[in-house]
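Shown next: entry_7.pdb, containing PDB, C-alpha atoms and all ligand atoms.
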MODEL        1
ATOM      1  CA  LEU O   1      25.679 -27.809  -0.293
ATOM      2  CA  ALA O   2      27.283 -25.489   2.273
ATOM      3  CA  LEU O   3      24.963 -23.468   4.491
ATOM      4  CA  LEU O   4      25.364 -19.722   3.975
ATOM      5  CA  LEU O   5      25.643 -18.031   7.374
ATOM      6  CA  GLU O   6      24.136 -14.689   6.469
ATOM      7  CA  GLY O   7      24.500 -11.906   8.997
ATOM      8  CA  LYS O   8      21.277 -10.051   8.209
ATOM      9  CA  PRO O   9      18.812 -12.280  10.087
ATOM     10  CA  VAL O  10      21.163 -12.326  13.079
ATOM     11  CA  ALA O  11      21.454  -8.540  13.119
ATOM     12  CA  ARG O  12      17.685  -8.164  12.575
ATOM     13  CA  ASP O  13      16.919 -10.225  15.692
ATOM     14  CA  ILE O  14      19.380  -8.227  17.807
ATOM     15  CA  PHE O  15      18.076  -4.864  16.523
ATOM     16  CA  SER O  16      14.471  -5.823  17.072
ATOM     17  CA  LEU O  17      15.097  -6.652  20.772
ATOM     18  CA  LEU O  18      17.080  -3.423  21.154
ATOM     19  CA  ARG O  19      14.305  -1.243  19.711
ATOM     20  CA  ASP O  20      11.880  -2.639  22.319
ATOM     21  CA  ASP O  21      14.474  -2.049  25.041
ATOM     22  CA  ILE O  22      15.120   1.542  23.940
ATOM     23  CA  ALA O  23      11.394   2.308  23.644
ATOM     24  CA  GLN O  24      10.891   1.153  27.245
ATOM     25  CA  LEU O  25      13.861   3.192  28.477
ATOM     26  CA  VAL O  26      12.534   6.313  26.739
ATOM     27  CA  THR O  27       9.103   5.791  28.313
ATOM     28  CA  ARG O  28      10.684   5.472  31.735
ATOM     29  CA  HIS O  29      13.471   8.071  31.522
ATOM     30  CA  GLY O  30      12.659  10.460  28.658
ATOM     31  CA  GLN O  31      15.826  11.766  27.028
ATOM     32  CA  LEU O  32      18.533   9.066  27.029
ATOM     33  CA  PRO O  33      22.294   9.584  27.357
ATOM     34  CA  HIS O  34      24.036   9.239  24.019
ATOM     35  CA  LEU O  35      26.738   7.373  22.146
ATOM     36  CA  ALA O  36      29.798   9.517  21.396
ATOM     37  CA  VAL O  37      31.937   8.374  18.480
ATOM     38  CA  VAL O  38      35.334  10.075  18.402
ATOM     39  CA  LYS O  39      37.078  10.527  15.052
ATOM     40  CA  VAL O  40      40.542  12.054  14.945
ATOM     41  CA  GLY O  41      41.656  13.246  11.507
ATOM     42  CA  ASP O  42      40.317  12.573   8.027
ATOM     43  CA  ASP O  43      40.675   8.834   7.471
ATOM     44  CA  PRO O  44      37.969   7.996   4.878
ATOM     45  CA  GLY O  45      37.429   4.484   6.317
ATOM     46  CA  SER O  46      36.732   5.991   9.744
ATOM     47  CA  ALA O  47      34.351   8.534   8.232
ATOM     48  CA  ALA O  48      32.404   5.751   6.491
ATOM     49  CA  TYR O  49      32.325   3.689   9.691
ATOM     50  CA  ALA O  50      31.079   6.709  11.671
ATOM     51  CA  ARG O  51      28.244   7.148   9.157
ATOM     52  CA  ALA O  52      27.317   3.463   9.444
ATOM     53  CA  ILE O  53      27.251   3.705  13.258
ATOM     54  CA  ARG O  54      25.109   6.853  13.050
ATOM     55  CA  ARG O  55      22.611   4.998  10.812
ATOM     56  CA  SER O  56      22.478   2.018  13.180
ATOM     57  CA  ALA O  57      22.046   4.299  16.199
ATOM     58  CA  LYS O  58      19.276   6.263  14.480
ATOM     59  CA  SER O  59      17.385   3.143  13.455
ATOM     60  CA  THR O  60      17.609   1.814  17.021
ATOM     61  CA  GLY O  61      16.603   5.088  18.681
ATOM     62  CA  ILE O  62      19.973   5.661  20.338
ATOM     63  CA  PRO O  63      21.047   9.339  20.494
ATOM     64  CA  PHE O  64      24.359   9.839  18.664
ATOM     65  CA  GLN O  65      27.143  12.431  18.690
ATOM     66  CA  LEU O  66      30.147  12.546  16.378
ATOM     67  CA  VAL O  67      33.127  14.184  18.083
ATOM     68  CA  GLU O  68      35.512  15.281  15.327
ATOM     69  CA  LEU O  69      39.036  16.190  16.374
ATOM     70  CA  ASP O  70      41.627  17.717  14.119
ATOM     71  CA  SER O  71      44.403  15.406  12.876
ATOM     72  CA  SER O  72      46.935  17.643  14.653
ATOM     73  CA  THR O  73      45.321  17.015  18.072
ATOM     74  CA  GLY O  74      48.105  16.290  20.567
ATOM     75  CA  ILE O  75      47.972  13.669  23.281
ATOM     76  CA  GLU O  76      47.142  16.180  26.048
ATOM     77  CA  ASP O  77      44.145  17.568  24.159
ATOM     78  CA  PHE O  78      43.065  14.057  23.189
ATOM     79  CA  ASP O  79      43.214  12.922  26.831
ATOM     80  CA  ARG O  80      41.274  16.042  27.902
ATOM     81  CA  GLU O  81      38.499  15.393  25.333
ATOM     82  CA  ILE O  82      38.137  11.768  26.423
ATOM     83  CA  GLY O  83      38.231  12.833  30.087
ATOM     84  CA  GLU O  84      35.329  15.229  29.470
ATOM     85  CA  LEU O  85      33.300  12.502  27.767
ATOM     86  CA  ASN O  86      34.108  10.137  30.660
ATOM     87  CA  ARG O  87      32.769  12.650  33.196
ATOM     88  CA  ASN O  88      29.728  13.788  31.205
ATOM     89  CA  ASP O  89      26.548  12.031  32.419
ATOM     90  CA  ALA O  90      24.864  12.832  29.100
ATOM     91  CA  VAL O  91      27.342  10.438  27.456
ATOM     92  CA  ALA O  92      26.616   6.725  27.916
ATOM     93  CA  GLY O  93      29.044   5.204  25.463
ATOM     94  CA  ILE O  94      32.379   6.196  23.933
ATOM     95  CA  MET O  95      33.942   4.692  20.834
ATOM     96  CA  VAL O  96      37.239   5.992  19.455
ATOM     97  CA  LEU O  97      37.680   5.125  15.788
ATOM     98  CA  GLN O  98      40.948   3.656  14.550
ATOM     99  CA  PRO O  99      43.301   4.419  12.950
ATOM    100  CA  LEU O 100      44.437   7.368  15.048
ATOM    101  CA  PRO O 101      47.002   9.745  13.514
ATOM    102  CA  ARG O 102      50.550   8.374  13.884
ATOM    103  CA  HIS O 103      51.533  10.680  16.732
ATOM    104  CA  LEU O 104      48.778   9.302  18.991
ATOM    105  CA  PRO O 105      49.483   5.817  20.385
ATOM    106  CA  ARG O 106      46.970   3.284  19.018
ATOM    107  CA  SER O 107      46.572   1.847  22.501
ATOM    108  CA  ARG O 108      45.781   5.197  24.184
ATOM    109  CA  PRO O 109      41.948   4.821  24.152
ATOM    110  CA  SER O 110      42.220   1.403  25.818
ATOM    111  CA  GLU O 111      44.015   3.103  28.708
ATOM    112  CA  ILE O 112      41.840   6.177  29.239
ATOM    113  CA  VAL O 113      38.224   5.495  28.171
ATOM    114  CA  ASP O 114      35.927   4.865  31.173
ATOM    115  CA  PRO O 115      35.425   1.046  31.156
ATOM    116  CA  ASP O 116      31.699   1.521  31.925
ATOM    117  CA  LYS O 117      31.322   3.566  28.723
ATOM    118  CA  ASP O 118      33.622   1.346  26.649
ATOM    119  CA  VAL O 119      31.100   0.139  24.057
ATOM    120  CA  ASP O 120      33.753  -1.630  21.980
ATOM    121  CA  GLY O 121      35.153  -3.578  24.933
ATOM    122  CA  MET O 122      38.714  -2.519  24.286
ATOM    123  CA  THR O 123      39.815  -0.989  27.590
ATOM    124  CA  LEU O 124      42.381  -2.902  29.612
ATOM    125  CA  LEU O 125      39.821  -3.576  32.354
ATOM    126  CA  ASN O 126      37.242  -4.982  29.950
ATOM    127  CA  ILE O 127      39.863  -7.122  28.185
ATOM    128  CA  GLY O 128      40.781  -8.522  31.608
ATOM    129  CA  ARG O 129      37.120  -9.131  32.403
ATOM    130  CA  LEU O 130      36.685 -10.969  29.103
ATOM    131  CA  GLU O 131      39.663 -13.179  29.936
ATOM    132  CA  SER O 132      38.259 -13.915  33.374
ATOM    133  CA  GLY O 133      34.732 -14.577  32.096
ATOM    134  CA  THR O 134      32.988 -11.618  33.771
ATOM    135  CA  ALA O 135      32.698  -9.164  30.872
ATOM    136  CA  CYS O 136      29.520  -7.392  29.825
ATOM    137  CA  LEU O 137      31.078  -4.980  27.288
ATOM    138  CA  VAL O 138      33.030  -7.038  24.750
ATOM    139  CA  PRO O 139      34.554  -6.302  21.333
ATOM    140  CA  SER O 140      31.699  -6.219  18.852
ATOM    141  CA  THR O 141      33.294  -7.911  15.835
ATOM    142  CA  PRO O 142      34.244 -11.229  17.463
ATOM    143  CA  ARG O 143      31.033 -11.204  19.522
ATOM    144  CA  GLY O 144      29.144 -10.868  16.234
ATOM    145  CA  GLY O 145      30.812 -14.087  15.073
ATOM    146  CA  ILE O 146      29.612 -15.846  18.234
ATOM    147  CA  GLU O 147      26.079 -14.498  17.621
ATOM    148  CA  ILE O 148      26.176 -16.062  14.150
ATOM    149  CA  LEU O 149      27.198 -19.460  15.555
ATOM    150  CA  CYS O 150      24.373 -19.245  18.149
ATOM    151  CA  HIS O 151      21.759 -18.090  15.639
ATOM    152  CA  TYR O 152      22.473 -20.994  13.273
ATOM    153  CA  ASP O 153      22.706 -23.529  16.139
ATOM    154  CA  ILE O 154      26.307 -24.420  15.394
ATOM    155  CA  PRO O 155      27.756 -26.386  18.294
ATOM    156  CA  VAL O 156      30.961 -25.026  19.807
ATOM    157  CA  ALA O 157      31.606 -27.034  22.995
ATOM    158  CA  GLY O 158      34.229 -29.703  22.529
ATOM    159  CA  ARG O 159      35.064 -28.627  18.985
ATOM    160  CA  HIS O 160      38.404 -27.473  17.702
ATOM    161  CA  ALA O 161      38.349 -23.783  16.709
ATOM    162  CA  VAL O 162      41.304 -22.532  14.674
ATOM    163  CA  ILE O 163      41.646 -18.745  14.521
ATOM    164  CA  VAL O 164      43.893 -17.077  11.959
ATOM    165  CA  GLY O 165      44.856 -13.658  13.333
ATOM    166  CA  ARG O 166      45.801 -12.477  16.836
ATOM    167  CA  SER O 167      44.829  -8.801  16.953
ATOM    168  CA  ASN O 168      43.337  -7.268  20.089
ATOM    169  CA  VAL O 169      40.142  -6.370  18.196
ATOM    170  CA  VAL O 170      39.300  -9.688  16.536
ATOM    171  CA  GLY O 171      41.585 -12.729  16.932
ATOM    172  CA  LYS O 172      42.448 -12.662  20.643
ATOM    173  CA  PRO O 173      39.008 -11.727  22.024
ATOM    174  CA  LEU O 174      37.408 -14.314  19.716
ATOM    175  CA  ALA O 175      39.737 -16.932  21.186
ATOM    176  CA  SER O 176      38.611 -15.997  24.724
ATOM    177  CA  MET O 177      34.954 -16.161  23.729
ATOM    178  CA  LEU O 178      35.275 -19.554  22.040
ATOM    179  CA  LEU O 179      37.293 -20.887  24.961
ATOM    180  CA  SER O 180      34.609 -19.765  27.391
ATOM    181  CA  LEU O 181      32.119 -21.701  25.241
ATOM    182  CA  ASP O 182      34.282 -24.799  25.778
ATOM    183  CA  ALA O 183      35.931 -25.002  22.370
ATOM    184  CA  THR O 184      39.552 -26.128  22.124
ATOM    185  CA  VAL O 185      41.238 -23.116  20.576
ATOM    186  CA  THR O 186      44.326 -22.708  18.403
ATOM    187  CA  ILE O 187      45.498 -19.229  17.379
ATOM    188  CA  CYS O 188      47.603 -18.876  14.212
ATOM    189  CA  HIS O 189      49.398 -15.777  12.905
ATOM    190  CA  SER O 190      51.832 -14.611  10.278
ATOM    191  CA  LYS O 191      54.737 -16.530  11.815
ATOM    192  CA  THR O 192      52.820 -19.813  11.989
ATOM    193  CA  PRO O 193      54.632 -22.295   9.741
ATOM    194  CA  ASP O 194      52.406 -24.517   7.556
ATOM    195  CA  LEU O 195      49.099 -22.802   8.298
ATOM    196  CA  SER O 196      47.141 -25.539   6.521
ATOM    197  CA  ALA O 197      48.356 -28.167   9.029
ATOM    198  CA  PHE O 198      46.345 -26.236  11.619
ATOM    199  CA  THR O 199      43.331 -25.133   9.577
ATOM    200  CA  ARG O 200      42.794 -28.712   8.332
ATOM    201  CA  SER O 201      42.164 -29.845  11.881
ATOM    202  CA  GLY O 202      39.624 -27.114  12.632
ATOM    203  CA  ASP O 203      35.928 -27.887  13.083
ATOM    204  CA  ILE O 204      35.489 -24.112  13.154
ATOM    205  CA  VAL O 205      37.962 -21.936  11.249
ATOM    206  CA  ALA O 206      37.856 -18.185  11.893
ATOM    207  CA  LEU O 207      39.729 -15.884   9.536
ATOM    208  CA  ALA O 208      40.832 -12.449  10.757
ATOM    209  CA  ALA O 209      44.011 -11.706   8.842
ATOM    210  CA  GLY O 210      42.974  -9.286   6.103
ATOM    211  CA  LYS O 211      44.555 -11.455   3.386
ATOM    212  CA  PRO O 212      42.399 -12.409   0.398
ATOM    213  CA  SER O 213      42.339 -16.130  -0.512
ATOM    214  CA  LEU O 214      44.341 -17.027   2.606
ATOM    215  CA  LEU O 215      42.202 -20.157   3.047
ATOM    216  CA  ASP O 216      41.237 -22.385   0.118
ATOM    217  CA  ALA O 217      39.361 -25.667  -0.105
ATOM    218  CA  SER O 218      42.556 -27.767   0.195
ATOM    219  CA  MET O 219      43.205 -26.250   3.658
ATOM    220  CA  LEU O 220      39.833 -27.177   5.140
ATOM    221  CA  LYS O 221      38.376 -30.266   6.744
ATOM    222  CA  ARG O 222      35.124 -31.447   5.111
ATOM    223  CA  ASN O 223      32.050 -29.858   6.734
ATOM    224  CA  ALA O 224      34.093 -27.358   8.748
ATOM    225  CA  VAL O 225      32.409 -24.071   9.637
ATOM    226  CA  VAL O 226      34.168 -20.935   8.380
ATOM    227  CA  LEU O 227      33.733 -17.532  10.025
ATOM    228  CA  ASP O 228      35.311 -14.969   7.719
ATOM    229  CA  PHE O 229      36.034 -11.586   9.332
ATOM    230  CA  GLY O 230      38.378 -10.437   6.562
ATOM    231  CA  VAL O 231      37.565  -7.246   4.703
ATOM    232  CA  ASN O 232      39.679  -6.766   1.569
ATOM    233  CA  LEU O 233      39.122  -4.578  -1.457
ATOM    234  CA  LEU O 234      40.238  -6.229  -4.704
ATOM    235  CA  ASP O 235      39.752  -3.931  -7.720
ATOM    236  CA  GLY O 236      37.003  -2.183  -5.784
ATOM    237  CA  VAL O 237      35.248  -5.460  -4.928
ATOM    238  CA  MET O 238      34.968  -6.500  -1.288
ATOM    239  CA  THR O 239      36.197  -9.992  -0.437
ATOM    240  CA  GLY O 240      36.994 -11.845   2.749
ATOM    241  CA  ASP O 241      40.020 -13.979   3.627
ATOM    242  CA  ALA O 242      38.475 -17.190   2.277
ATOM    243  CA  ASP O 243      38.763 -18.278  -1.331
ATOM    244  CA  PRO O 244      35.397 -19.040  -3.011
ATOM    245  CA  THR O 245      36.515 -22.707  -3.393
ATOM    246  CA  ILE O 246      35.831 -23.304   0.310
ATOM    247  CA  ALA O 247      32.120 -23.519  -0.555
ATOM    248  CA  ASP O 248      32.812 -27.008  -2.004
ATOM    249  CA  VAL O 249      34.194 -28.365   1.268
ATOM    250  CA  ALA O 250      32.779 -26.279   4.137
ATOM    251  CA  GLY O 251      29.612 -27.308   5.947
ATOM    252  CA  ALA O 252      28.753 -23.633   6.502
ATOM    253  CA  PHE O 253      30.443 -20.300   5.925
ATOM    254  CA  THR O 254      29.863 -16.570   6.312
ATOM    255  CA  PRO O 255      29.773 -14.629   3.035
ATOM    256  CA  VAL O 256      31.732 -11.380   2.544
ATOM    257  CA  PRO O 257      30.018  -8.987   2.281
ATOM    258  CA  GLY O 258      26.863  -9.938   4.175
ATOM    259  CA  GLY O 259      28.318 -12.089   6.957
ATOM    260  CA  THR O 260      30.199 -11.077  10.093
ATOM    261  CA  GLY O 261      30.405  -7.383   9.198
ATOM    262  CA  VAL O 262      26.628  -6.978   9.246
ATOM    263  CA  VAL O 263      26.405  -8.209  12.835
ATOM    264  CA  THR O 264      29.229  -6.035  14.221
ATOM    265  CA  ASN O 265      27.120  -2.883  14.390
ATOM    266  CA  ALA O 266      24.183  -4.695  15.939
ATOM    267  CA  VAL O 267      26.439  -5.896  18.770
ATOM    268  CA  LEU O 268      27.902  -2.401  19.119
ATOM    269  CA  MET O 269      24.364  -1.043  19.566
ATOM    270  CA  ARG O 270      23.598  -3.756  22.124
ATOM    271  CA  ASN O 271      26.740  -2.771  24.051
ATOM    272  CA  THR O 272      25.580   0.842  23.875
ATOM    273  CA  VAL O 273      22.193  -0.062  25.344
ATOM    274  CA  THR O 274      24.022  -1.867  28.166
ATOM    275  CA  ALA O 275      26.100   1.271  28.746
ATOM    276  CA  ILE O 276      22.955   3.457  28.693
ATOM    277  CA  LYS O 277      21.407   1.241  31.369
ATOM    278  CA  ASN O 278      24.624   1.547  33.403
ATOM    279  CA  VAL O 279      24.484   5.336  33.299
ATOM    280  CA  LEU O 280      20.754   5.494  34.061
ATOM    281  CA  SER O 281      20.958   3.147  37.024
ATOM    282  CA  ARG O 282      24.419   4.367  38.048
ATOM    283  CA  SER O 283      25.281   0.700  38.258
ATOM    284  CA  ARG O 284      28.626  -0.608  37.108
ATOM    285  CA  CYS O 285      29.284  -3.441  34.711
TER
HETATM  286  P1  LIG S   1      45.381  -6.825  12.053
HETATM  287  O1  LIG S   1      45.497  -6.070  13.324
HETATM  288  O2  LIG S   1      46.160  -6.405  10.848
HETATM  289  O3  LIG S   1      45.781  -8.348  12.374
HETATM  290  C1  LIG S   1      45.895  -9.301  11.358
HETATM  291  C2  LIG S   1      46.315 -10.612  11.973
HETATM  292  O4  LIG S   1      46.423 -11.569  10.921
HETATM  293  C3  LIG S   1      47.686 -10.544  12.648
HETATM  294  O5  LIG S   1      47.649 -11.287  13.854
HETATM  295  C4  LIG S   1      48.618 -11.200  11.637
HETATM  296  O6  LIG S   1      49.713 -11.897  12.214
HETATM  297  C5  LIG S   1      47.691 -12.208  10.975
HETATM  298  N1  LIG S   1      48.135 -12.526   9.621
HETATM  299  C6  LIG S   1      48.424 -11.667   8.608
HETATM  300  N2  LIG S   1      48.809 -12.356   7.517
HETATM  301  C7  LIG S   1      48.776 -13.664   7.856
HETATM  302  C8  LIG S   1      49.071 -14.861   7.154
HETATM  303  N3  LIG S   1      49.502 -14.839   5.873
HETATM  304  N4  LIG S   1      48.943 -16.048   7.787
HETATM  305  C9  LIG S   1      48.499 -16.077   9.084
HETATM  306  N5  LIG S   1      48.196 -14.973   9.797
HETATM  307  C10 LIG S   1      48.333 -13.776   9.185
HETATM  308  O7  LIG S   1      43.892  -6.934  11.565
HETATM  309  P2  LIG S   1      42.487  -6.905  12.398
HETATM  310  O8  LIG S   1      42.196  -5.541  12.851
HETATM  311  O9  LIG S   1      42.437  -8.034  13.361
HETATM  312  O10 LIG S   1      41.501  -7.240  11.213
HETATM  313  C11 LIG S   1      41.579  -8.479  10.523
HETATM  314  C12 LIG S   1      40.635  -8.444   9.345
HETATM  315  O11 LIG S   1      39.325  -8.301   9.853
HETATM  316  C13 LIG S   1      40.868  -7.255   8.397
HETATM  317  O12 LIG S   1      40.573  -7.652   7.093
HETATM  318  C14 LIG S   1      39.862  -6.231   8.886
HETATM  319  O13 LIG S   1      39.486  -5.349   7.858
HETATM  320  C15 LIG S   1      38.735  -7.134   9.276
HETATM  321  N6  LIG S   1      37.810  -6.577  10.257
HETATM  322  C16 LIG S   1      36.514  -6.877  10.084
HETATM  323  C17 LIG S   1      35.582  -6.408  10.966
HETATM  324  C18 LIG S   1      34.146  -6.819  10.782
HETATM  325  O14 LIG S   1      33.258  -6.190  11.311
HETATM  326  N7  LIG S   1      33.883  -7.905  10.052
HETATM  327  C19 LIG S   1      35.961  -5.582  12.024
HETATM  328  C20 LIG S   1      37.329  -5.331  12.237
HETATM  329  C21 LIG S   1      38.235  -5.838  11.325
HETATM  330  P3  LIG S   1      50.857 -11.115  13.087
HETATM  331  O15 LIG S   1      50.230 -10.834  14.416
HETATM  332  O16 LIG S   1      51.953 -12.119  13.163
HETATM  333  O17 LIG S   1      51.193  -9.885  12.316
ENDMDL
END

Would you encode the structure as C-alpha cells?
Amino acid sequence: LALLLEGKPVARDIFSLLRDDIAQLVTRHGQLPHLAVVKVGDDPGSAAYARAIRRSAKSTGIPFQLVELDSSTGIEDFDREIGELNRNDAVAGIMVLQPLPRHLPRSRPSEIVDPDKDVDGMTLLNIGRLESGTACLVPSTPRGGIEILCHYDIPVAGRHAVIVGRSNVVGKPLASMLLSLDATVTICHSKTPDLSAFTRSGDIVALAAGKPSLLDASMLKRNAVVLDFGVNLLDGVMTGDADPTIADVAGAFTPVPGGTGVVTNAVLMRNTVTAIKNVLSRSRC
C-alpha cells in the first residue's frame, strides 16, 4: 500500500519551531517588524491566498499587513510602493501576490523587491543564490516539497528525480534544490515528447504543470515517490496533476488537497522569521 505523504504533520513541526522562535524574539525585542503582502487588483485567488497567509501569520505570532493597490496602479506607483516597503524598517518581509494586472510585468517584483525582505525567494539575487547553493530565502512551494521528503525520510541522493513543469516558482527552483541534495534531475515541460518515457525512469516524480490526470499509473515506475504540486479545480473539486490510479503503483505520494499546499505557508512563515531576524540584527542573508 502506498504511503500517504500528508503535509499537515510537516507543517505542524515547522510552525511549532517558529512559534518558539517568535516568542523568544518578542521577549528580546518587543514589537517585531511585519510581513507586508501586496495585492494589486481584485483577483479572487489572490484575495483567498492573502487571507490564508494572514491566518498563518496570526497563528505564528508574526505581525501582518495587507497592502491593497488598485488594479489601475501604474508601474511608477507600483515601484514607489515597493520602494517604500523596502526602505521601511518596520517591514521585515515583502510578498507580492500574482497574478498582477496585465499592464504590470509579472517579473517586476523579482527585479525591485529588496532581496533581504524577499520572503518568497523570487528576486533575481535570491534565484542566483539558490543556483549557487548559498540561498537562505527560497521559494516556499518547492521548499515545502523538500520538507516533505525530509520529514518522511525519503532518500534523495543518487536518485533520479523527474520534474514536470519549469516555472520560476515551482519547477526550476525545485530542480536546483533536488540537485543540491545530489539527485540526478530531469526537467520536462509541455514540449517534451513522450513524457512517460521520462516519468517511468523517475525514482521521484514531481508534478507542477496544473494539468489534471497528467500522470497515471502506466507512466510510473513501481514504488516511485510522487510529489504533486498541481492545484486544479474540476467541477468545484480540487485535484492535483496525478490520476488516482498512481496509488496502485507509487511507493508514496502527496495527496491533493492535504499535501504540498499545506506546507507552502509554513515555509513562507519560516522565511519571514528569517527576514525578521535579518532586520533586527541588520545582518544580510
Ligand atoms: P505554470 O507557470 O503554468 O507552469 C506550468 C508548467 O507545466 C510549464 O513549465 C509548462 O510547460 C508545464 N506543462 C503544462 N502542461 C504540460 C504537459 N501537458 N506536459 C508537460 N508539461 C506541461 O504553473 P506554476 O505556477 O508552476 O504552477 C504549477 C501548478 O502548481 C499549478 O497547478 C499551480 O496551481 C500549482 N501551485 C501549487 C502551489 C502549492 O502550494 N502547492 C503553489 C504554486 C503553484 P511550458 O513551460 O512548456 O509551458

**Request:** Give the residues close to ligand LIG 1 (chain S), within 10 Å, counting all atoms listed in the file; write them as a VMD selection string.
**Result:** chain O and resid 98 139 to 145 163 to 172 187 to 196 207 to 215 227 to 233 239 to 241 256 to 265

**Request:** Could you check how far CA of Val10 (chain O) sits from CA of Met122 (chain O), in Å to one decimal?
**Result:**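 It comes out at 23.0 Å.
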
**Asked** How far is it from CA of Phe78 (chain O) to CA of Gly41 (chain O), in Å with one decimal?
**Response**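 Distance between the two atoms: 11.8 Å.
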
**Prompt:** Hey, which of O:Ala252, O:Ala224, O:Thr274, O:Leu268 ends up closest to Leu4 (chain O)? Count only C-alpha atoms.
**Reply:**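 The closest residue to Leu4 (chain O) is O:Ala252.
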
**Message:** For this structure, which residues satisfy the selection - the PyMOL selection byres (((chain O and resi 272) around 12) and not hetatm) - when it is evaluated on the file as given? I want them as a count of residues only.
**Reply:** 48

**Item:** Within 12 Å of Gly133 (chain O) using all atoms listed in the file, minus same-chain residues under 4 positions, as a PyMOL selection string
**Value:** chain O and resi 126-129+137-138+173+176-181

Expected file contents, prior selection, C-alpha atoms, as a PDB file, in the coordinates of the input:
ATOM      1  CA  ASN O 126      37.242  -4.982  29.950  1.00  0.00           C
ATOM      2  CA  ILE O 127      39.863  -7.122  28.185  1.00  0.00           C
ATOM      3  CA  GLY O 128      40.781  -8.522  31.608  1.00  0.00           C
ATOM      4  CA  ARG O 129      37.120  -9.131  32.403  1.00  0.00           C
ATOM      5  CA  LEU O 137      31.078  -4.980  27.288  1.00  0.00           C
ATOM      6  CA  VAL O 138      33.030  -7.038  24.750  1.00  0.00           C
ATOM      7  CA  PRO O 173      39.008 -11.727  22.024  1.00  0.00           C
ATOM      8  CA  SER O 176      38.611 -15.997  24.724  1.00  0.00           C
ATOM      9  CA  MET O 177      34.954 -16.161  23.729  1.00  0.00           C
ATOM     10  CA  LEU O 178      35.275 -19.554  22.040  1.00  0.00           C
ATOM     11  CA  LEU O 179      37.293 -20.887  24.961  1.00  0.00           C
ATOM     12  CA  SER O 180      34.609 -19.765  27.391  1.00  0.00           C
ATOM     13  CA  LEU O 181      32.119 -21.701  25.241  1.00  0.00           C
TER      14      LEU O 181
END

**Item:** Within 10 Å of Leu124 (chain O) using all atoms listed in the file, minus same-chain residues under 4 positions, as an MDAnalysis selection string
**Value:** chainID O and resid 107 109:113 115 128:130

**Item:** Separation of CA of Ser71 (chain O) from CA of Pro101 (chain O), in Å and rounded to one decimal
**Value:** 6.3 Å

**Message:** For the provided coordinates, the residues matched by the PyMOL selection byres (((chain O and resi 249) around 8) and not hetatm) should be stated as a PyMOL selection string.
**Reply:** chain O and resi 2+217+220-224+245-248+250-251

**Item:** Residue among O:Leu25, O:Leu100, O:Ala175, O:Met238 lying closest to Ile75 (chain O), counting all atoms listed in the file
**Value:**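 The shortest atom-to-atom distance to Ile75 (chain O) comes from O:Leu100.
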
**Prompt:** Which of these residues is nearest to Gln31 (chain O), using all atoms listed in the file: O:Ala183, O:Ala90, O:Ile154, O:Ala161?
**Reply:**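 Smallest distance to Gln31 (chain O) is found for O:Ala90.
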
**Asked** Taking only C-alpha atoms into account, which of O:Asp89, O:Asp70, O:Ala197, O:Val225 comes nearest Leu149 (chain O)?
**Response**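 For Leu149 (chain O), the nearest of the given residues is O:Val225.
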
Using 5 Å of padding on each side, determine the axis-aligned box around all atoms of region 37-45 of chain O present in the file and give its centre and edge lengths in Å to one decimal, as lines of an AutoDock Vina configuration file.
center_x = 36.8
center_y = 8.9
center_z = 11.7
size_x = 19.7
size_y = 18.8
size_z = 23.6

**Request:** Would you list the residues near (52.5, 12.3, 17.6) (no more than 9 Å away, in the coordinates of the file, using all atoms listed in the file) as a list in words?
**Result:** Ser72, Thr73, Gly74, Ile75, Pro101, Arg102, His103, Leu104 and Pro105 of chain O

**Message:** Taking 2 positions as the minimum chain separation for residues in the same chain, which residues sit within 7 Å of Gly202 (chain O) when counting only C-alpha atoms? Answer as an MDAnalysis selection string.
**Reply:** chainID O and resid 160:162 198:200 204:205 221 224

Add whatever atoms are absent from region 204-211 of chain O to reach N, CA, C and O atoms, and provide the output as a compact mmCIF listing (two decimals), in the coordinates of the input.
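Output file part-v7.txt is given in full below:
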# COMPACT_ATOMS: atom_id res chain seq x y z
N ILE O 204 35.87 -25.50 13.42
CA ILE O 204 35.49 -24.11 13.15
C ILE O 204 36.77 -23.38 12.77
O ILE O 204 37.77 -23.46 13.50
N VAL O 205 36.78 -22.70 11.65
CA VAL O 205 37.96 -21.94 11.25
C VAL O 205 37.55 -20.47 11.12
O VAL O 205 36.64 -20.13 10.36
N ALA O 206 38.18 -19.61 11.92
CA ALA O 206 37.86 -18.18 11.89
C ALA O 206 39.01 -17.43 11.26
O ALA O 206 40.17 -17.62 11.64
N LEU O 207 38.69 -16.60 10.28
CA LEU O 207 39.73 -15.88 9.54
C LEU O 207 39.67 -14.41 9.88
O LEU O 207 38.65 -13.75 9.67
N ALA O 208 40.77 -13.88 10.42
CA ALA O 208 40.83 -12.45 10.76
C ALA O 208 42.24 -11.96 10.47
O ALA O 208 42.95 -11.51 11.37
N ALA O 209 42.65 -12.08 9.21
CA ALA O 209 44.01 -11.71 8.84
C ALA O 209 44.04 -10.51 7.89
O ALA O 209 45.00 -9.76 7.86
N GLY O 210 42.96 -10.35 7.11
CA GLY O 210 42.97 -9.29 6.10
C GLY O 210 43.84 -9.66 4.91
O GLY O 210 44.55 -8.82 4.36
N LYS O 211 43.78 -10.96 4.54
CA LYS O 211 44.56 -11.46 3.39
C LYS O 211 43.63 -12.25 2.46
O LYS O 211 43.18 -13.35 2.82
